[in-house]
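data18.tsv (TSV, C-alpha atoms) appears below.
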```tsv
chain	number	residue	atom	x	y	z
L	136	MET	CA	194.81	169.70	9.03
L	137	ALA	CA	194.74	173.45	8.53
L	138	PHE	CA	197.78	173.74	10.82
L	139	VAL	CA	199.50	170.79	9.15
L	140	LEU	CA	199.17	172.28	5.67
L	141	GLY	CA	199.18	176.00	6.45
L	142	GLY	CA	201.27	176.26	9.56
L	143	PRO	CA	201.05	179.70	11.18
L	144	LEU	CA	198.44	180.85	8.64
L	145	ALA	CA	195.83	178.66	10.35
L	146	VAL	CA	196.06	180.97	13.36
L	147	VAL	CA	193.70	183.26	11.43
L	148	TYR	CA	190.87	180.77	11.98
L	149	LEU	CA	191.83	180.25	15.60
L	150	ALA	CA	191.85	184.00	16.24
L	151	LEU	CA	188.25	184.28	15.06
L	152	VAL	CA	186.94	181.88	17.73
L	153	PRO	CA	187.14	184.39	20.64
L	154	PHE	CA	185.54	187.04	18.42
L	155	LEU	CA	182.63	184.79	17.49
L	156	GLY	CA	182.26	183.55	21.07
L	157	PHE	CA	182.12	187.12	22.41
L	158	ALA	CA	179.60	188.13	19.73
L	159	LEU	CA	177.28	185.19	20.47
L	160	PHE	CA	177.57	185.73	24.22
L	161	SER	CA	176.70	189.42	23.80
L	162	ILE	CA	173.68	188.62	21.63
L	163	SER	CA	172.44	186.02	24.11
L	164	ARG	CA	172.93	188.33	27.09
L	165	LYS	CA	170.96	191.07	25.34
L	166	VAL	CA	168.13	188.89	24.08
L	167	MET	CA	167.36	186.64	27.07
L	168	PRO	CA	165.85	189.40	29.28
L	169	ILE	CA	163.67	190.51	26.35
L	170	PHE	CA	162.29	186.99	25.86
L	171	ARG	CA	161.76	186.62	29.60
L	172	GLY	CA	159.76	189.85	29.73
L	173	ALA	CA	157.85	188.93	26.57
L	174	PHE	CA	156.64	185.67	28.08
L	175	ARG	CA	155.36	187.55	31.13
L	176	LYS	CA	153.42	189.79	28.76
L	177	TYR	CA	152.09	186.65	27.09
L	178	ASP	CA	150.64	185.67	30.46
L	179	LYS	CA	148.93	189.05	30.84
L	180	LEU	CA	147.58	188.82	27.30
L	181	ASN	CA	146.18	185.34	27.97
L	182	GLU	CA	144.63	186.55	31.22
L	183	SER	CA	142.95	189.41	29.37
L	184	VAL	CA	141.53	187.04	26.74
L	185	GLN	CA	140.35	184.62	29.43
L	186	GLU	CA	138.62	187.43	31.33
L	187	ASN	CA	136.83	188.55	28.19
L	188	ILE	CA	135.68	185.01	27.39
L	189	GLU	CA	134.45	184.31	30.92
L	190	GLY	CA	132.83	187.73	31.32
L	191	ILE	CA	131.56	188.25	27.78
L	192	ARG	CA	128.02	188.95	28.98
L	193	VAL	CA	129.24	191.57	31.45
L	194	VAL	CA	131.36	193.23	28.77
L	195	LYS	CA	128.35	193.24	26.44
L	196	SER	CA	125.97	194.51	29.11
L	197	PHE	CA	128.15	197.48	30.05
L	198	VAL	CA	129.08	198.23	26.41
L	199	ARG	CA	132.82	197.78	27.05
L	200	GLU	CA	133.70	196.15	23.73
L	201	ASP	CA	135.74	199.10	22.44
L	202	PHE	CA	137.66	199.39	25.70
L	203	GLU	CA	138.48	195.67	25.79
L	204	THR	CA	139.46	195.73	22.11
L	205	ASP	CA	141.84	198.64	22.68
L	206	LYS	CA	143.30	196.90	25.74
L	207	PHE	CA	143.96	193.77	23.70
L	208	LYS	CA	145.52	195.77	20.86
L	209	ARG	CA	147.85	197.55	23.29
L	210	ALA	CA	148.91	194.29	24.93
L	211	SER	CA	149.45	192.44	21.65
L	212	GLY	CA	151.23	195.43	20.10
L	213	ASP	CA	153.57	195.67	23.06
L	214	LEU	CA	154.29	191.96	22.80
L	215	ALA	CA	154.95	192.22	19.05
L	216	THR	CA	157.35	195.12	19.66
L	217	ASP	CA	159.37	193.08	22.16
L	218	PHE	CA	159.61	190.05	19.88
L	219	THR	CA	160.54	192.23	16.92
L	220	ARG	CA	163.32	193.89	18.94
L	221	ALA	CA	164.63	190.50	20.05
L	222	GLU	CA	164.56	189.11	16.50
L	223	LYS	CA	166.45	192.13	15.19
L	224	ILE	CA	169.22	191.50	17.71
L	225	LEU	CA	169.29	187.78	16.87
L	226	ALA	CA	169.49	188.65	13.18
L	227	LEU	CA	172.93	190.19	13.82
L	228	ASN	CA	174.28	186.65	14.11
L	229	ASN	CA	174.27	186.12	10.33
L	230	PRO	CA	176.21	189.27	9.31
L	231	ILE	CA	178.72	188.67	12.11
L	232	MET	CA	179.42	185.18	10.76
L	233	GLN	CA	179.66	186.52	7.20
L	234	ILE	CA	182.15	189.19	8.32
L	235	ALA	CA	184.22	186.52	10.08
L	236	ILE	CA	184.25	184.23	7.02
L	237	ASN	CA	185.09	186.97	4.53
L	238	THR	CA	187.76	188.51	6.78
L	239	SER	CA	189.47	185.14	7.23
L	240	MET	CA	189.37	184.50	3.48
L	241	VAL	CA	190.91	187.88	2.70
L	242	LEU	CA	193.68	187.44	5.29
L	243	VAL	CA	194.49	183.90	4.19
L	244	CYS	CA	194.58	184.94	0.51
L	245	PHE	CA	196.76	187.96	1.27
L	246	PHE	CA	199.36	186.22	3.42
L	247	SER	CA	199.37	183.00	1.37
L	248	SER	CA	200.03	184.87	-1.88
L	249	LYS	CA	202.91	186.78	-0.27
L	250	ILE	CA	204.47	183.57	1.06
L	251	ILE	CA	204.10	181.72	-2.26
L	252	ILE	CA	205.61	184.62	-4.22
L	253	SER	CA	208.47	185.16	-1.76
L	254	ASN	CA	209.60	181.50	-1.48
L	255	GLY	CA	208.71	180.43	-5.01
L	256	GLY	CA	206.27	177.74	-3.88
L	257	VAL	CA	208.83	175.88	-1.76
L	258	GLY	CA	207.38	174.58	1.51
L	259	PHE	CA	204.05	176.29	0.89
L	260	ASN	CA	202.58	176.10	-2.59
L	261	VAL	CA	199.31	176.73	-4.38
L	262	GLY	CA	198.00	173.28	-3.40
L	263	ASN	CA	198.57	174.01	0.28
L	264	PHE	CA	196.89	177.37	-0.15
L	265	SER	CA	193.85	175.82	-1.85
L	266	SER	CA	193.53	173.17	0.87
L	267	LEU	CA	193.88	175.78	3.60
L	268	LEU	CA	191.15	177.86	2.01
L	269	THR	CA	188.85	174.81	1.76
L	270	TYR	CA	189.44	173.85	5.37
L	271	GLY	CA	188.74	177.42	6.42
L	272	ILE	CA	185.39	177.46	4.61
L	273	GLN	CA	184.46	174.13	6.22
L	274	ILE	CA	185.46	175.32	9.70
L	275	LEU	CA	183.59	178.62	9.54
L	276	SER	CA	180.56	177.14	7.77
L	277	ASN	CA	180.16	174.65	10.60
L	278	CYS	CA	180.65	177.47	13.08
L	279	MET	CA	177.78	179.27	11.34
L	280	MET	CA	175.53	176.22	11.67
L	281	LEU	CA	176.51	175.93	15.32
L	282	SER	CA	175.66	179.59	15.86
L	283	MET	CA	172.21	179.03	14.30
L	284	VAL	CA	171.63	176.17	16.76
L	285	PHE	CA	172.78	178.48	19.55
L	286	VAL	CA	170.30	181.16	18.44
L	287	THR	CA	167.47	178.62	18.37
L	288	LEU	CA	168.39	177.41	21.86
L	289	THR	CA	168.44	181.00	23.08
L	290	MET	CA	164.91	181.51	21.80
L	291	SER	CA	163.60	178.24	23.24
L	292	LEU	CA	165.33	178.38	26.63
L	293	GLU	CA	162.63	180.49	28.27
L	294	SER	CA	159.92	178.21	26.87
L	295	ALA	CA	161.81	175.19	28.21
L	296	ARG	CA	161.94	176.76	31.66
L	297	ARG	CA	158.19	177.28	31.67
L	298	ILE	CA	157.57	173.68	30.53
L	299	VAL	CA	159.85	172.40	33.30
L	300	ALA	CA	158.02	174.58	35.83
L	301	VAL	CA	154.72	172.96	34.81
L	302	LEU	CA	156.20	169.45	34.96
L	303	ASP	CA	157.73	170.11	38.39
L	304	GLU	CA	154.51	171.51	39.82
L	305	GLU	CA	153.32	169.35	42.72
L	306	SER	CA	149.62	168.58	43.06
L	307	THR	CA	147.88	169.97	46.12
L	308	ILE	CA	145.61	166.90	46.16
L	309	GLN	CA	147.39	164.30	48.27
L	310	ASN	CA	146.43	160.75	49.16
L	311	PRO	CA	145.36	160.07	52.76
L	312	GLY	CA	147.51	158.03	55.09
L	313	SER	CA	146.01	154.68	54.08
L	314	PRO	CA	144.17	155.09	50.76
L	315	ILE	CA	141.88	152.43	49.33
L	316	LYS	CA	143.45	151.40	46.04
L	317	GLU	CA	141.13	148.54	45.06
L	318	VAL	CA	137.33	148.58	44.90
L	319	LYS	CA	136.12	144.99	44.72
L	320	ASP	CA	132.53	145.50	43.58
L	321	GLY	CA	133.05	148.83	41.76
L	322	SER	CA	130.88	150.84	44.14
L	323	ILE	CA	131.92	154.26	45.45
L	324	ASP	CA	130.57	155.96	48.55
L	325	PHE	CA	130.70	159.73	49.12
L	326	ASN	CA	130.70	160.32	52.86
L	327	HIS	CA	130.92	163.96	54.03
L	328	VAL	CA	132.89	165.05	50.95
L	329	THR	CA	133.86	168.71	50.56
L	330	PHE	CA	135.62	170.08	47.49
L	331	LYS	CA	136.84	173.45	46.21
L	332	TYR	CA	138.95	174.32	43.18
L	333	SER	CA	141.48	176.43	45.08
L	334	GLU	CA	142.75	176.47	48.64
L	335	SER	CA	142.20	180.24	48.72
L	336	ALA	CA	138.55	179.96	47.60
L	337	GLU	CA	136.09	181.40	50.09
L	338	LYS	CA	133.37	178.83	49.42
L	339	SER	CA	133.50	175.16	48.51
L	340	ALA	CA	132.05	173.95	45.22
L	341	LEU	CA	130.75	170.85	47.05
L	342	SER	CA	130.02	170.73	50.75
L	343	ASP	CA	129.26	167.71	52.96
L	344	ILE	CA	128.20	165.41	50.13
```
Serialized structure, structure tokens:
Amino acid sequence: MAFVLGGPLAVVYLALVPFLGFALFSISRKVMPIFRGAFRKYDKLNESVQENIEGIRVVKSFVREDFETDKFKRASGDLATDFTRAEKILALNNPIMQIAINTSMVLVCFFSSKIIISNGGVGFNVGNFSSLLTYGIQILSNCMMLSMVFVTLTMSLESARRIVAVLDEESTIQNPGSPIKEVKDGSIDFNHVTFKYSESAEKSALSDI
């Protein structure tokens, strides 16, 4: 409808699409490695917390509380720095969209007023100009909402990959060739059962039960 009412003037909106696409692509390309690295640091931070919880008595016995506290502060501070840097880059999305909207409005107003004055409102009048301006605001406002969705997807993509990795993980515990699936009387026999929590564990948690 912008082309129907405004003709060549609607090219202004069309010309902004490559600019916005390039800007969003650049933001995404810059931010994704930061998020990927930040999630790895999350893992290290969680490992540090888990070690402290499991070995709290050892930490207390050797008076290592200050050392462990400083280690946690360094890890969490480093993580906060990465997320802050990524959020600052993502925040550029809003001013870029505002620049695009305001630039298009200025160009449309400038060229429309010149056309209306030069042809006396024949072929392109104030009504067409008003409609073209309204369509432009609708187009670019929806582009802004789409860009916000894009930013959210960029932030959540790395989390989605990790969730998928967990869902795709195959269990190391496999059924035997001919498993017993029904127990008629409800009784269970343990006959030479050995169990360990990890294949790489040196000793079994249960042995020959």
Sorted by chain and rising residue number, which residues of range 161-239 of chain L lie within 9 Å of range 266-280 of chain L, and what are their closest atom pairs and distances in Å to one decimal, counting only C-alpha atoms, as JSON lines?
```
{"residue": "L:Asn228", "atom": "CA", "partner": "L:Met279", "partner_atom": "CA", "distance": 8.6}
{"residue": "L:Asn229", "atom": "CA", "partner": "L:Met279", "partner_atom": "CA", "distance": 7.8}
{"residue": "L:Met232", "atom": "CA", "partner": "L:Met279", "partner_atom": "CA", "distance": 6.2}
{"residue": "L:Gln233", "atom": "CA", "partner": "L:Met279", "partner_atom": "CA", "distance": 8.6}
{"residue": "L:Ala235", "atom": "CA", "partner": "L:Leu275", "partner_atom": "CA", "distance": 7.9}
{"residue": "L:Ile236", "atom": "CA", "partner": "L:Leu275", "partner_atom": "CA", "distance": 6.2}
{"residue": "L:Ser239", "atom": "CA", "partner": "L:Gly271", "partner_atom": "CA", "distance": 7.8}
```
Got a sec: who's within 10 Å of Gly142 in chain L, counting only C-alpha atoms, leaving out chain neighbours fewer than 5 positions off, as an NGL selection string?
-> :L and (136-137 or 259 or 263 or 267)
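Coordinates place CA of Ile344 in chain L at a distance of 12.4 Å from CA of Lys331 in chain L.
In this comparison, which uses all atoms listed in the file, the residue of L:His327, L:Lys249, L:Arg297, L:Arg220 approaching Asp178 in chain L most closely is L:Arg297.
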Pick out the closest residue to Arg171 in chain L from this set: L:Ala336, L:Ile308, L:Leu292, L:Ser313. Count only C-alpha atoms.
->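 Comparing L:Ala336, L:Ile308, L:Leu292, L:Ser313 against Arg171 in chain L, the winner is L:Leu292.
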Considering only C-alpha atoms, state which residue in the set L:Ala340, L:Gly258, L:Asp324, L:Val286 is at the smallest distance from Val139 in chain L.
-> L:Gly258
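Proximity of L:Leu225, L:Val194, L:Leu144, L:Ile188 to Ser161 in chain L, computed with only C-alpha atoms, is greatest for L:Leu225.
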